[in-house]
Protein chains: 2
Amino acid sequence: MLSLHLLLLLLLSSCLCTYSNTSDKAVDTLLRLLPEEEGLSSGDLGDDPNEAYCESWRLSVETNNAGNWKKISARCSSLVEAYVRGAQYALDSKVVARFAQAYAKNIQIAGDGMDAWIFDVDETLISNIHHYFVHEIRWKKVTNESGREQWAASTKSPALPWSLWLYKKLQGMGFQLILLTGRKETHRNSTEQNLLAVGYHSWEKLILRGNLDSGKRAMAYKSEKRAELVAQGYRIHGSSGDQWSDLMGEPMAKRSFKVPNPMYHIP
Amino acid sequence: MLSLHLLLLLLLSSCLCTYSNTSDKAVDTLLRLLPEEEGLSSGDLGDDPNEAYCESWRLSVETNNAGNWKKISARCSSLVEAYVRGAQYALDSKVVARFAQAYAKNIQIAGDGMDAWIFDVDETLISNIHHYFVHEIRWKKVTNESGREQWAASTKSPALPWSLWLYKKLQGMGFQLILLTGRKETHRNSTEQNLLAVGYHSWEKLILRGNLDSGKRAMAYKSEKRAELVAQGYRIHGSSGDQWSDLMGEPMAKRSFKVPNPMYHIP
């Protein structure tokens with residue numbers, strides 16, 4: 001199966017090479033794609049090939065250019081599913097983990113137990129792909145939280161392998177690992193069970209939403225929790241999350257690592 | 001030529017579809033790519049197919065996961081060139097511009113001339129691809145500034161069409177457009193000449209590095225300038241830049257738009 005993957009990737013790369021070399025003048029290519037100023041409707045992206053458009057859409061999601069998007073672009077739905085079920089998602093996750101590890105290796109650990117790294121849980125440490133696609137909990141249920149309630153109560157979400165790899169590497173280096181999730185305190189037991197079952201051990205803290213955090217936007221809630229950690233003396237060297245709301249907001253970690261997630265957006 | 005592009009994109013998309021459907025279990029695919037824990041060297045990424053790896057590398061650059069990277073990964077050099085000379089770079093730029101426009105359309109313009117949008121110049125408003133690739137000014141000269149000096153003195157860099165499109169749209173909506181560049185004050189004339197020649201007109205301000213800004217890191221310099229603008233009463237609704245150092249640092253614009261640039265990094 002792996003060799004079939006490789007063969008198809010080679011085929012793909014030969015397509016791309018043939019494709020890329022057809023034009024020698026970048027600006028010509030750019031100009032060819034320039035819209036005619038008149039008669040252009042603002043939402044009109046319909047004339048671009050699907051595959052290429054969806055790659056651009058996914059890049060916009062990952063770079064936070066898409067802002068507060070509500071659902072996967074209709075034309076990209078099956079391509080997004082193919083992506084997260086395929087090798088590119090795994091490789092994208094691997095490269096993020098490697099960059100995080102390379103950064104972490106250069107940090108001097110003080111040895112006072114206050115050198116911290118924060119991980120989000122869903123789509124960062126563990127994968128809810130099976131809930132999301134197989135059990136048909138799509139964007140609507142994710143954004144209104146009933147889908148997320150369901151998978152927070154489950155204990156069967158598998159680890160994202162490259163996050164587990166990074167987690168263990170950081171632990172070996174002496175970082176305190178702090179798990180900061182939007183899941184509610186009522187799901188502490190199921191969350192712990194799930195994490196332990198798939199290989200995560202010995203975290204420093206697992207922070208869930210308490211009653212007082214109810215109704216707060218993810219970015220505000222997570223920023224407050226980071227501020228509390230800093231007040232407790234933790235030095236937050238890194239933060240890994242699949243949502244920009246895991247990473248942004250003061251105080252930020254010294255370095256943030258955006259794990260891919262083109263399935264849903266949490267503001 | 002365009003139809004050849006389309007044909008190749010269709011071929012590419014059919015490759016990808018075939019490829020993505022070969023596995024029905026995402027977790028299986030992820031696990032297959034898990035490293036053996038022992039005997040894994042930290043920088044070892046050598047066993048992934050080039051095309052797929054370079055896509056992941058580029059995503060890491062665009063999401064700022066790569067941090068302060070010095071040069072294009074050696075195995076990705078020709079693929080990065082193919083990307084910026086090809087249709088995907090143009091389409092990625094188009095989708096960013098569209099998201100920016102969609103956001104801007106919902107902003108209430110006060111009419112007091114203080115609703116602002118910031119643009120970076122190099123690789124945001126105008127393209128230095130020809131300097132970068134044709135005249136062989138590669139990463140080394142870019143990072144030590146001699147390359148950037150050379151293209152700042154030139155007046156022949158073409159507009160990036162989708163940035164020009166966005167620029168005009170924003171202007172039509174009543175935004176004040178502020179150009180904030182790392183270029184030096186000594187290049188004001190050449191920069192203005194170049195911008196005017198390729199279609200940019202009627203900006204509110206063109207801010208270049210003065211003597212006092214010499215030696216400051218881009219992020220610090222640009223944050224200071226945004227602070228000055230805020231102190232002058234500007235409401236910075238949006239900021240478009242190809243570098244994270246164009247966008248990050250307090251005060252930030254309400255929304256930031258990362259324009260693609262896998263060629264070089266400015267910290």
# chains A, B, ... in the order shown; residues from 1 in each chain; ligands from 1
call {"tool": "closest_atom_pairs", "arguments": {"of": "range 79-108 of chain A", "to": "range 62-83 of chain B", "cutoff": "9 Å", "atoms": "only C-alpha atoms", "output": "JSON lines"}}
result
{"residue": "A:Val95", "atom": "CA", "partner": "B:Asn65", "partner_atom": "CA", "distance": 8.9}
{"residue": "A:Val96", "atom": "CA", "partner": "B:Asn65", "partner_atom": "CA", "distance": 6.3}
{"residue": "A:Phe99", "atom": "CA", "partner": "B:Ala66", "partner_atom": "CA", "distance": 6.0}
{"residue": "A:Ala100", "atom": "CA", "partner": "B:Asn65", "partner_atom": "CA", "distance": 7.6}
{"residue": "A:Tyr103", "atom": "CA", "partner": "B:Gly67", "partner_atom": "CA", "distance": 8.5}
call {"tool": "residues_around", "arguments": {"residues": "range 208-215 of chain B", "least_positions_apart": "5", "cutoff": "6 Å", "atoms": "only C-alpha atoms", "output": "PyMOL selection string"}}
result
chain B and resi 181-185
call {"tool": "write_last_selection", "arguments": {"atoms": "C-alpha atoms", "output": "PDB file, in the first residue's frame"}}
result
ATOM      1  CA  THR B 181       8.090  48.967   4.045  1.00  0.00           C
ATOM      2  CA  GLY B 182      11.462  47.895   5.347  1.00  0.00           C
ATOM      3  CA  ARG B 183      13.079  49.748   2.445  1.00  0.00           C
ATOM      4  CA  LYS B 184      15.221  52.719   3.410  1.00  0.00           C
ATOM      5  CA  GLU B 185      14.251  56.372   3.107  1.00  0.00           C
TER       6      GLU B 185
END
call {"tool": "residues_around", "arguments": {"residues": "range 189-204 of chain A", "least_positions_apart": "3", "cutoff": "9 Å", "atoms": "only C-alpha atoms", "output": "PyMOL selection string"}}
result
chain A and resi 116+121+125-126+152-159+164+167-168+171+176-179+183+185-186
call {"tool": "write_last_selection", "arguments": {"atoms": "N, CA and C atoms", "output": "mmCIF file, in the first residue's frame"}}
result
data_model
loop_
_atom_site.group_PDB
_atom_site.id
_atom_site.type_symbol
_atom_site.label_atom_id
_atom_site.label_comp_id
_atom_site.auth_asym_id
_atom_site.auth_seq_id
_atom_site.Cartn_x
_atom_site.Cartn_y
_atom_site.Cartn_z
ATOM 1 N N ALA A 116 7.608 25.290 30.353
ATOM 2 C CA ALA A 116 6.347 24.664 29.950
ATOM 3 C C ALA A 116 6.112 24.708 28.450
ATOM 4 N N VAL A 121 -6.026 19.803 22.887
ATOM 5 C CA VAL A 121 -6.368 18.374 22.858
ATOM 6 C C VAL A 121 -6.959 17.947 21.496
ATOM 7 N N LEU A 125 -3.731 16.737 20.004
ATOM 8 C CA LEU A 125 -3.188 15.491 20.569
ATOM 9 C C LEU A 125 -3.936 14.266 20.048
ATOM 10 N N ILE A 126 -5.243 14.396 19.934
ATOM 11 C CA ILE A 126 -6.039 13.258 19.459
ATOM 12 C C ILE A 126 -6.903 13.671 18.276
ATOM 13 N N ALA A 152 -16.133 14.620 23.254
ATOM 14 C CA ALA A 152 -15.483 14.799 24.559
ATOM 15 C C ALA A 152 -15.922 13.711 25.534
ATOM 16 N N ALA A 153 -17.125 13.202 25.338
ATOM 17 C CA ALA A 153 -17.634 12.139 26.210
ATOM 18 C C ALA A 153 -17.079 10.775 25.807
ATOM 19 N N SER A 154 -16.648 10.682 24.579
ATOM 20 C CA SER A 154 -16.095 9.404 24.100
ATOM 21 C C SER A 154 -14.676 9.226 24.644
ATOM 22 N N THR A 155 -14.206 8.005 24.652
ATOM 23 C CA THR A 155 -12.831 7.777 25.125
ATOM 24 C C THR A 155 -12.016 7.060 24.057
ATOM 25 N N LYS A 156 -12.463 7.166 22.831
ATOM 26 C CA LYS A 156 -11.896 6.309 21.782
ATOM 27 C C LYS A 156 -11.185 7.045 20.651
ATOM 28 N N SER A 157 -10.890 8.313 20.866
ATOM 29 C CA SER A 157 -10.209 9.029 19.780
ATOM 30 C C SER A 157 -8.726 8.682 19.765
ATOM 31 N N PRO A 158 -8.204 8.303 18.606
ATOM 32 C CA PRO A 158 -6.790 7.909 18.535
ATOM 33 C C PRO A 158 -5.844 9.105 18.657
ATOM 34 N N ALA A 159 -4.623 8.808 19.045
ATOM 35 C CA ALA A 159 -3.599 9.858 19.098
ATOM 36 C C ALA A 159 -3.254 10.314 17.688
ATOM 37 N N LEU A 164 1.988 12.877 19.419
ATOM 38 C CA LEU A 164 2.450 11.969 20.471
ATOM 39 C C LEU A 164 3.982 11.880 20.453
ATOM 40 N N TYR A 167 5.250 15.136 21.897
ATOM 41 C CA TYR A 167 4.944 15.126 23.330
ATOM 42 C C TYR A 167 6.024 14.358 24.093
ATOM 43 N N LYS A 168 6.351 13.177 23.599
ATOM 44 C CA LYS A 168 7.357 12.355 24.279
ATOM 45 C C LYS A 168 8.751 12.968 24.190
ATOM 46 N N GLN A 171 8.868 15.814 26.646
ATOM 47 C CA GLN A 171 8.925 15.255 27.998
ATOM 48 C C GLN A 171 10.351 14.792 28.318
ATOM 49 N N GLN A 176 7.578 20.749 31.127
ATOM 50 C CA GLN A 176 6.304 20.454 31.772
ATOM 51 C C GLN A 176 5.232 20.600 30.697
ATOM 52 N N LEU A 177 4.431 19.571 30.509
ATOM 53 C CA LEU A 177 3.426 19.605 29.446
ATOM 54 C C LEU A 177 2.068 19.951 30.035
ATOM 55 N N ILE A 178 1.510 21.010 29.527
ATOM 56 C CA ILE A 178 0.228 21.514 30.043
ATOM 57 C C ILE A 178 -0.805 21.383 28.935
ATOM 58 N N LEU A 179 -1.883 20.668 29.232
ATOM 59 C CA LEU A 179 -2.933 20.469 28.235
ATOM 60 C C LEU A 179 -4.040 21.476 28.517
ATOM 61 N N ARG A 183 -12.703 21.751 26.098
ATOM 62 C CA ARG A 183 -13.644 20.797 26.683
ATOM 63 C C ARG A 183 -14.026 21.232 28.096
ATOM 64 N N GLU A 185 -15.107 20.877 32.123
ATOM 65 C CA GLU A 185 -14.658 20.156 33.329
ATOM 66 C C GLU A 185 -15.441 18.855 33.524
ATOM 67 N N THR A 186 -16.697 18.840 33.109
ATOM 68 C CA THR A 186 -17.515 17.617 33.235
ATOM 69 C C THR A 186 -16.965 16.456 32.405
#
call {"tool": "residues_around", "arguments": {"residues": "Arg255 in chain A", "least_positions_apart": "2", "cutoff": "8 Å", "atoms": "only C-alpha atoms", "output": "list in words"}}
result
His237, Gly238, Ser239, Met252, Ala253 and Phe257 of chain A; Gly67 of chain B
call {"tool": "select_by_dssp", "arguments": {"residues": "range 64-162 of chain A", "states": "helix (DSSP H, G or I)", "output": "PyMOL selection string"}}
result
chain A and resi 74-85+87-105+129-134+139-143+146-153+161-162
call {"tool": "closest_residue", "arguments": {"among": "B:Ser127, B:Ser93, B:Ser56, B:Asn50", "to": "chain A", "atoms": "only C-alpha atoms"}}
result
B:Ser56
call {"tool": "residues_around", "arguments": {"residues": "Asp115 in chain B", "least_positions_apart": "5", "cutoff": "8 Å", "atoms": "only C-alpha atoms", "output": "count of residues only"}}
result
9
call {"tool": "select_by_dssp", "arguments": {"residues": "range 15-259 of chain B", "states": "strand (DSSP E or B)", "output": "compact mmCIF listing (two decimals) with all heavy atoms, in the first residue's frame"}}
result
# COMPACT_ATOMS: atom_id res chain seq x y z
N ASP B 115 -9.92 55.52 8.55
CA ASP B 115 -10.05 54.07 8.40
C ASP B 115 -8.94 53.58 7.49
O ASP B 115 -8.96 53.83 6.28
CB ASP B 115 -11.43 53.72 7.83
CG ASP B 115 -12.53 53.99 8.85
OD1 ASP B 115 -12.54 53.31 9.89
OD2 ASP B 115 -13.35 54.90 8.63
N ALA B 116 -7.99 52.86 8.08
CA ALA B 116 -6.75 52.57 7.36
C ALA B 116 -6.55 51.09 7.09
O ALA B 116 -7.08 50.23 7.79
CB ALA B 116 -5.56 53.11 8.15
N TRP B 117 -5.79 50.85 6.04
CA TRP B 117 -5.33 49.49 5.70
C TRP B 117 -3.85 49.62 5.35
O TRP B 117 -3.47 50.51 4.61
CB TRP B 117 -6.11 48.96 4.50
CG TRP B 117 -5.96 47.49 4.26
CD1 TRP B 117 -4.85 46.84 3.78
CD2 TRP B 117 -6.95 46.48 4.48
NE1 TRP B 117 -5.10 45.48 3.71
CE2 TRP B 117 -6.38 45.23 4.13
CE3 TRP B 117 -8.27 46.50 4.95
CZ2 TRP B 117 -7.08 44.03 4.22
CZ3 TRP B 117 -8.97 45.31 5.05
CH2 TRP B 117 -8.37 44.09 4.68
N ILE B 118 -3.04 48.72 5.93
CA ILE B 118 -1.60 48.77 5.69
C ILE B 118 -1.18 47.71 4.68
O ILE B 118 -1.62 46.57 4.76
CB ILE B 118 -0.82 48.58 7.02
CG1 ILE B 118 -1.15 49.71 7.99
CG2 ILE B 118 0.67 48.48 6.77
CD1 ILE B 118 -0.47 49.58 9.35
N PHE B 119 -0.34 48.11 3.76
CA PHE B 119 0.29 47.16 2.83
C PHE B 119 1.80 47.21 2.98
O PHE B 119 2.38 48.30 3.04
CB PHE B 119 -0.03 47.52 1.37
CG PHE B 119 -1.39 47.14 0.89
CD1 PHE B 119 -2.42 48.07 0.88
CD2 PHE B 119 -1.65 45.86 0.42
CE1 PHE B 119 -3.69 47.72 0.42
CE2 PHE B 119 -2.90 45.50 -0.04
CZ PHE B 119 -3.93 46.44 -0.04
N ASP B 122 7.46 44.96 -0.86
CA ASP B 122 8.11 43.86 -1.60
C ASP B 122 7.42 42.52 -1.38
O ASP B 122 7.22 42.11 -0.23
CB ASP B 122 9.59 43.75 -1.20
CG ASP B 122 10.37 44.97 -1.66
OD1 ASP B 122 10.44 45.18 -2.88
OD2 ASP B 122 10.87 45.72 -0.80
N ILE B 126 4.42 44.56 -4.97
CA ILE B 126 5.18 44.31 -6.19
C ILE B 126 6.03 43.06 -6.04
O ILE B 126 6.35 42.64 -4.93
CB ILE B 126 6.09 45.52 -6.57
CG1 ILE B 126 7.03 45.89 -5.42
CG2 ILE B 126 5.24 46.72 -6.98
CD1 ILE B 126 7.97 47.04 -5.75
N ALA B 159 3.67 44.82 -10.60
CA ALA B 159 2.66 44.68 -9.55
C ALA B 159 2.30 43.22 -9.37
O ALA B 159 2.30 42.45 -10.33
CB ALA B 159 1.42 45.48 -9.92
N GLN B 176 -8.03 54.51 3.78
CA GLN B 176 -6.75 55.18 3.58
C GLN B 176 -5.69 54.08 3.49
O GLN B 176 -5.59 53.26 4.40
CB GLN B 176 -6.42 56.10 4.76
CG GLN B 176 -7.52 57.08 5.10
CD GLN B 176 -7.94 57.95 3.94
OE1 GLN B 176 -7.08 58.51 3.25
NE2 GLN B 176 -9.23 58.06 3.71
N LEU B 177 -4.93 54.09 2.42
CA LEU B 177 -3.95 53.03 2.22
C LEU B 177 -2.56 53.51 2.64
O LEU B 177 -2.07 54.53 2.14
CB LEU B 177 -3.96 52.58 0.76
CG LEU B 177 -5.37 52.14 0.29
CD1 LEU B 177 -5.32 51.65 -1.13
CD2 LEU B 177 -5.97 51.10 1.22
N ILE B 178 -2.00 52.78 3.57
CA ILE B 178 -0.70 53.17 4.13
C ILE B 178 0.32 52.10 3.77
O ILE B 178 0.11 50.92 4.06
CB ILE B 178 -0.81 53.34 5.66
CG1 ILE B 178 -1.76 54.51 5.96
CG2 ILE B 178 0.57 53.58 6.27
CD1 ILE B 178 -2.11 54.68 7.41
N LEU B 179 1.38 52.51 3.10
CA LEU B 179 2.41 51.56 2.68
C LEU B 179 3.55 51.62 3.70
O LEU B 179 4.10 52.69 3.95
CB LEU B 179 2.92 51.90 1.27
CG LEU B 179 1.84 52.26 0.24
CD1 LEU B 179 2.45 52.36 -1.16
CD2 LEU B 179 0.69 51.27 0.25
N LEU B 180 3.83 50.48 4.28
CA LEU B 180 4.84 50.41 5.35
C LEU B 180 5.87 49.37 4.94
O LEU B 180 5.58 48.17 4.88
CB LEU B 180 4.15 50.02 6.67
CG LEU B 180 5.03 49.72 7.89
CD1 LEU B 180 5.98 50.88 8.17
CD2 LEU B 180 4.14 49.45 9.11
N THR B 181 7.06 49.85 4.62
CA THR B 181 8.09 48.97 4.04
C THR B 181 9.40 49.02 4.82
O THR B 181 9.71 50.05 5.44
CB THR B 181 8.35 49.34 2.56
OG1 THR B 181 9.47 48.59 2.07
CG2 THR B 181 8.66 50.82 2.39
N GLY B 182 10.13 47.95 4.75
CA GLY B 182 11.46 47.90 5.35
C GLY B 182 12.53 48.57 4.49
O GLY B 182 13.68 48.70 4.89
N ARG B 183 12.13 49.00 3.29
CA ARG B 183 13.08 49.75 2.44
C ARG B 183 13.50 51.04 3.13
O ARG B 183 12.74 51.61 3.91
CB ARG B 183 12.41 50.11 1.11
CG ARG B 183 12.14 48.92 0.22
CD ARG B 183 11.45 49.39 -1.06
NE ARG B 183 11.34 48.31 -2.01
CZ ARG B 183 11.30 48.46 -3.33
NH1 ARG B 183 11.33 49.69 -3.87
NH2 ARG B 183 11.20 47.43 -4.14
N LYS B 184 14.69 51.51 2.77
CA LYS B 184 15.22 52.72 3.41
C LYS B 184 14.70 54.00 2.76
O LYS B 184 14.37 54.02 1.58
CB LYS B 184 16.75 52.71 3.35
CG LYS B 184 17.34 51.57 4.17
CD LYS B 184 18.85 51.57 4.07
CE LYS B 184 19.41 50.36 4.82
NZ LYS B 184 20.80 50.08 4.44
N LYS B 205 0.09 57.38 2.92
CA LYS B 205 1.47 57.56 3.37
C LYS B 205 2.32 56.43 2.79
O LYS B 205 1.82 55.31 2.63
CB LYS B 205 1.59 57.40 4.90
CG LYS B 205 0.94 58.48 5.73
CD LYS B 205 0.96 58.05 7.21
CE LYS B 205 0.10 58.96 8.07
NZ LYS B 205 0.73 60.27 8.34
N LEU B 206 3.58 56.74 2.55
CA LEU B 206 4.56 55.69 2.25
C LEU B 206 5.63 55.83 3.33
O LEU B 206 6.37 56.82 3.36
CB LEU B 206 5.17 55.89 0.86
CG LEU B 206 6.42 55.05 0.55
CD1 LEU B 206 6.14 53.56 0.60
CD2 LEU B 206 6.99 55.42 -0.84
N ILE B 207 5.66 54.85 4.23
CA ILE B 207 6.58 54.91 5.37
C ILE B 207 7.79 54.01 5.08
O ILE B 207 7.63 52.81 4.85
CB ILE B 207 5.89 54.45 6.67
CG1 ILE B 207 4.64 55.29 6.93
CG2 ILE B 207 6.85 54.52 7.85
CD1 ILE B 207 3.77 54.81 8.09
N LEU B 208 8.97 54.62 5.07
CA LEU B 208 10.21 53.87 4.86
C LEU B 208 11.08 53.99 6.11
O LEU B 208 10.83 54.83 6.98
CB LEU B 208 10.97 54.41 3.64
CG LEU B 208 10.23 54.40 2.31
CD1 LEU B 208 9.71 55.79 1.97
CD2 LEU B 208 11.12 53.90 1.18
N ARG B 209 12.11 53.16 6.21
CA ARG B 209 13.01 53.19 7.36
C ARG B 209 13.83 54.46 7.34
O ARG B 209 14.61 54.68 6.40
CB ARG B 209 14.02 52.04 7.27
CG ARG B 209 13.64 50.81 8.03
CD ARG B 209 14.76 49.78 7.86
NE ARG B 209 14.27 48.44 8.06
CZ ARG B 209 14.37 47.78 9.22
NH1 ARG B 209 14.94 48.34 10.25
NH2 ARG B 209 13.89 46.57 9.32
N ARG B 235 -7.56 54.02 12.54
CA ARG B 235 -8.08 52.71 12.91
C ARG B 235 -7.55 51.72 11.86
O ARG B 235 -7.95 51.77 10.70
CB ARG B 235 -9.62 52.73 12.90
CG ARG B 235 -10.21 53.67 13.96
CD ARG B 235 -11.72 53.78 13.85
NE ARG B 235 -12.14 54.48 12.63
CZ ARG B 235 -12.19 55.81 12.50
NH1 ARG B 235 -11.84 56.60 13.51
NH2 ARG B 235 -12.58 56.35 11.37
N ILE B 236 -6.65 50.84 12.30
CA ILE B 236 -6.01 49.93 11.35
C ILE B 236 -6.86 48.67 11.23
O ILE B 236 -6.74 47.74 12.01
CB ILE B 236 -4.57 49.59 11.77
CG1 ILE B 236 -3.77 50.89 12.04
CG2 ILE B 236 -3.88 48.77 10.70
CD1 ILE B 236 -2.37 50.66 12.58
N HIS B 237 -7.71 48.65 10.23
CA HIS B 237 -8.66 47.54 10.07
C HIS B 237 -7.98 46.29 9.51
O HIS B 237 -8.35 45.18 9.86
CB HIS B 237 -9.80 47.96 9.15
CG HIS B 237 -10.65 49.03 9.73
ND1 HIS B 237 -11.56 48.80 10.74
CD2 HIS B 237 -10.74 50.35 9.46
CE1 HIS B 237 -12.17 49.92 11.06
NE2 HIS B 237 -11.69 50.88 10.30
N GLY B 238 -7.03 46.51 8.62
CA GLY B 238 -6.41 45.36 7.98
C GLY B 238 -4.95 45.63 7.66
O GLY B 238 -4.53 46.78 7.55
N SER B 239 -4.22 44.55 7.51
CA SER B 239 -2.82 44.65 7.15
C SER B 239 -2.49 43.47 6.24
O SER B 239 -2.84 42.34 6.53
CB SER B 239 -1.98 44.60 8.43
OG SER B 239 -0.62 44.75 8.13
N SER B 240 -1.84 43.77 5.12
CA SER B 240 -1.46 42.73 4.16
C SER B 240 0.05 42.69 4.04
O SER B 240 0.68 43.72 3.79
CB SER B 240 -2.05 43.02 2.77
OG SER B 240 -3.46 43.06 2.81
N GLY B 241 0.62 41.51 4.22
CA GLY B 241 2.07 41.39 4.12
C GLY B 241 2.48 39.97 3.82
O GLY B 241 1.75 39.03 4.14
N ARG B 255 -7.45 42.69 11.47
CA ARG B 255 -7.26 41.43 10.73
C ARG B 255 -5.97 41.52 9.92
O ARG B 255 -5.66 42.58 9.35
CB ARG B 255 -8.43 41.18 9.75
CG ARG B 255 -9.69 40.61 10.37
CD ARG B 255 -9.62 39.09 10.63
NE ARG B 255 -9.39 38.30 9.42
CZ ARG B 255 -10.36 37.90 8.59
NH1 ARG B 255 -11.61 38.22 8.83
NH2 ARG B 255 -10.06 37.18 7.53
N SER B 256 -5.26 40.43 9.88
CA SER B 256 -4.01 40.39 9.13
C SER B 256 -4.14 39.38 7.99
O SER B 256 -4.76 38.33 8.17
CB SER B 256 -2.86 39.96 10.04
OG SER B 256 -2.64 40.94 11.02
N PHE B 257 -3.55 39.70 6.86
CA PHE B 257 -3.63 38.82 5.69
C PHE B 257 -2.22 38.48 5.22
O PHE B 257 -1.47 39.34 4.78
CB PHE B 257 -4.47 39.48 4.60
CG PHE B 257 -5.91 39.63 5.03
CD1 PHE B 257 -6.33 40.78 5.70
CD2 PHE B 257 -6.81 38.60 4.84
CE1 PHE B 257 -7.65 40.89 6.15
CE2 PHE B 257 -8.13 38.71 5.29
CZ PHE B 257 -8.54 39.85 5.94
N LYS B 258 -1.92 37.19 5.35
CA LYS B 258 -0.58 36.71 4.99
C LYS B 258 -0.56 36.35 3.50
O LYS B 258 -1.19 35.38 3.08
CB LYS B 258 -0.26 35.48 5.84
CG LYS B 258 1.00 34.73 5.48
CD LYS B 258 2.26 35.51 5.78
CE LYS B 258 3.52 34.70 5.49
NZ LYS B 258 3.76 34.53 4.03
call {"tool": "closest_residue", "arguments": {"among": "B:Gly233, B:Pro161, B:Gly113, B:Pro262", "to": "chain A", "atoms": "only C-alpha atoms"}}
result
B:Pro161
call {"tool": "atom_distance", "arguments": {"atom1": "CA of His265 in chain B", "atom2": "CA of Lys169 in chain B"}}
result
28.2 Å
call {"tool": "closest_residue", "arguments": {"among": "B:Ile129, B:Ala52, B:Gln101, B:Leu166", "to": "Gly86 in chain A", "atoms": "only C-alpha atoms"}}
result
B:Ala52
call {"tool": "residues_around", "arguments": {"residues": "range 217-232 of chain A", "least_positions_apart": "3", "cutoff": "7 Å", "atoms": "only C-alpha atoms", "output": "PyMOL selection string"}}
result
chain A and resi 182+213+235+245-246+248-251+267
